[in-house]
Amino acid sequence: MNKEQKKNYITEITNQFENSKAVMVTHYQGLTMPQLDELRSKMREHGIVFKITKNRITKLALEKTKCKDLSNLFNGPTAVAFGEDAIMSARILSKFAKDNENLKLIGGMMENEVLDQAGVMNVANLPTLDEARSNIVGILNASASKLVSILLARSEKMSNLQPENSEKQPKD
């Protein structure tokens, strides 16, 4: 890589670190090119960029970004996932890592919070925003239907009681 290519790489990767809400760092040693292509295509479907990095140059780029705390993760064969949705990035990577033991999740960053390996796995188990919304709607619908059924049952009981009570009262 000549100086101009290095300068362009640093500018490009700095922009990706600075503009991404979710950054996940992995080790990919032992993955074949077809496996990497498969992972990239799964990530691309969700708007996530999966990029193999050059560690020394990436560390230089990190110094100028909000992700500078991640520089200690860049040792060995490192690849980074850049995206807007930390949950989806972590899910795809953790699922792929379960199927391919050569992919190792080593850390990441969600918004401004640094995540270790356990943190990335915890994020992977969170529901996505759409799933959380559907759960809330389901809870609200269930509560509303329960309330309606209680009110209807109550009114049915009341209507059943009134004729009996009116017959038992003495007439003047």
# chains A, B, ... in the order shown; residues from 1 in each chain; ligands from 1

call {"tool": "closest_atom_pairs", "arguments": {"of": "stretch 42-138 of chain A", "to": "stretch 26-33 of chain A", "cutoff": "8 Å", "atoms": "only C-alpha atoms", "output": "CSV"}}
result
residue,atom,partner,partner_atom,distance
A:Gly76,CA,A:His27,CA,7.1
A:Pro77,CA,A:His27,CA,5.4
A:Thr78,CA,A:His27,CA,4.7
A:Ala79,CA,A:Thr26,CA,5.3
A:Val80,CA,A:Thr26,CA,6.2
A:Asn100,CA,A:Leu31,CA,7.9
A:Asn102,CA,A:Gly30,CA,5.4
A:Leu103,CA,A:Tyr28,CA,4.7
A:Lys104,CA,A:His27,CA,5.1
A:Leu105,CA,A:Thr26,CA,4.6
A:Ile106,CA,A:Thr26,CA,5.4
A:Gly107,CA,A:Thr26,CA,7.1

call {"tool": "closest_atom_pairs", "arguments": {"of": "stretch 44-153 of chain A", "to": "stretch 17-25 of chain A", "cutoff": "9 Å", "atoms": "only C-alpha atoms", "output": "tab-separated table"}}
result
residue	atom	partner	partner_atom	distance
A:Ala61	CA	A:Phe17	CA	8.6
A:Leu62	CA	A:Phe17	CA	7.4
A:Lys64	CA	A:Glu18	CA	8.7
A:Thr65	CA	A:Glu18	CA	5.6
A:Lys66	CA	A:Glu18	CA	6.3
A:Cys67	CA	A:Phe17	CA	6.5
A:Leu70	CA	A:Val25	CA	8.5
A:Leu73	CA	A:Val25	CA	7.2
A:Phe74	CA	A:Val25	CA	8.0
A:Thr78	CA	A:Val25	CA	6.9
A:Ala79	CA	A:Val25	CA	6.0
A:Val80	CA	A:Val25	CA	4.6
A:Ala81	CA	A:Met24	CA	5.0
A:Phe82	CA	A:Val23	CA	4.9
A:Gly83	CA	A:Ala22	CA	5.2
A:Glu84	CA	A:Lys21	CA	4.9
A:Asp85	CA	A:Ala22	CA	6.1
A:Ala86	CA	A:Ala22	CA	4.7
A:Ile87	CA	A:Ala22	CA	8.5
A:Ser89	CA	A:Met24	CA	7.2
A:Ala90	CA	A:Met24	CA	7.2
A:Leu93	CA	A:Met24	CA	8.6
A:Lys104	CA	A:Val25	CA	8.7
A:Leu105	CA	A:Val25	CA	6.4
A:Ile106	CA	A:Val25	CA	5.8
A:Gly107	CA	A:Val25	CA	5.3
A:Gly108	CA	A:Met24	CA	4.1
A:Met109	CA	A:Val23	CA	5.0
A:Met110	CA	A:Ala22	CA	4.7
A:Glu111	CA	A:Lys21	CA	4.8
A:Asn112	CA	A:Lys21	CA	8.0
A:Leu115	CA	A:Met24	CA	8.7
A:Val120	CA	A:Met24	CA	7.9

call {"tool": "residues_around", "arguments": {"residues": "A:Thr58", "least_positions_apart": "6", "cutoff": "10 Å", "atoms": "only C-alpha atoms", "output": "list in words"}}
result
Lys6, Tyr9, Ile10, Ile13, Thr14, Phe17, Ser71 and Phe74 of chain A

call {"tool": "select_by_dssp", "arguments": {"residues": "stretch 61-163 of chain A", "states": "alpha helix (DSSP H)", "output": "VMD selection string"}}
result
chain A and resid 61 to 62 86 to 99 117 to 124 129 to 163

call {"tool": "select_by_dssp", "arguments": {"residues": "chain A", "states": "strand (DSSP E)", "output": "list in words"}}
result
Ala22, Val23, Met24, Val25, Thr26, His27, Val49, Phe50, Lys51, Ile52, Thr78, Ala79, Val80, Ala81, Phe82, Gly83, Lys104, Leu105, Ile106, Gly107, Gly108, Met109, Met110, Glu113, Val114 and Leu115 of chain A

call {"tool": "closest_residue", "arguments": {"among": "A:Lys146, A:Lys95, A:Lys59, A:Lys3", "to": "A:Met43", "atoms": "only C-alpha atoms"}}
result
A:Lys95

call {"tool": "closest_residue", "arguments": {"among": "A:Leu126, A:Ala132, A:Ile57, A:Val137", "to": "A:Asn8", "atoms": "only C-alpha atoms"}}
result
A:Ile57

call {"tool": "closest_residue", "arguments": {"among": "A:Asn2, A:Ser41, A:Asn135, A:Gln35", "to": "A:Asp99", "atoms": "only C-alpha atoms"}}
result
A:Gln35
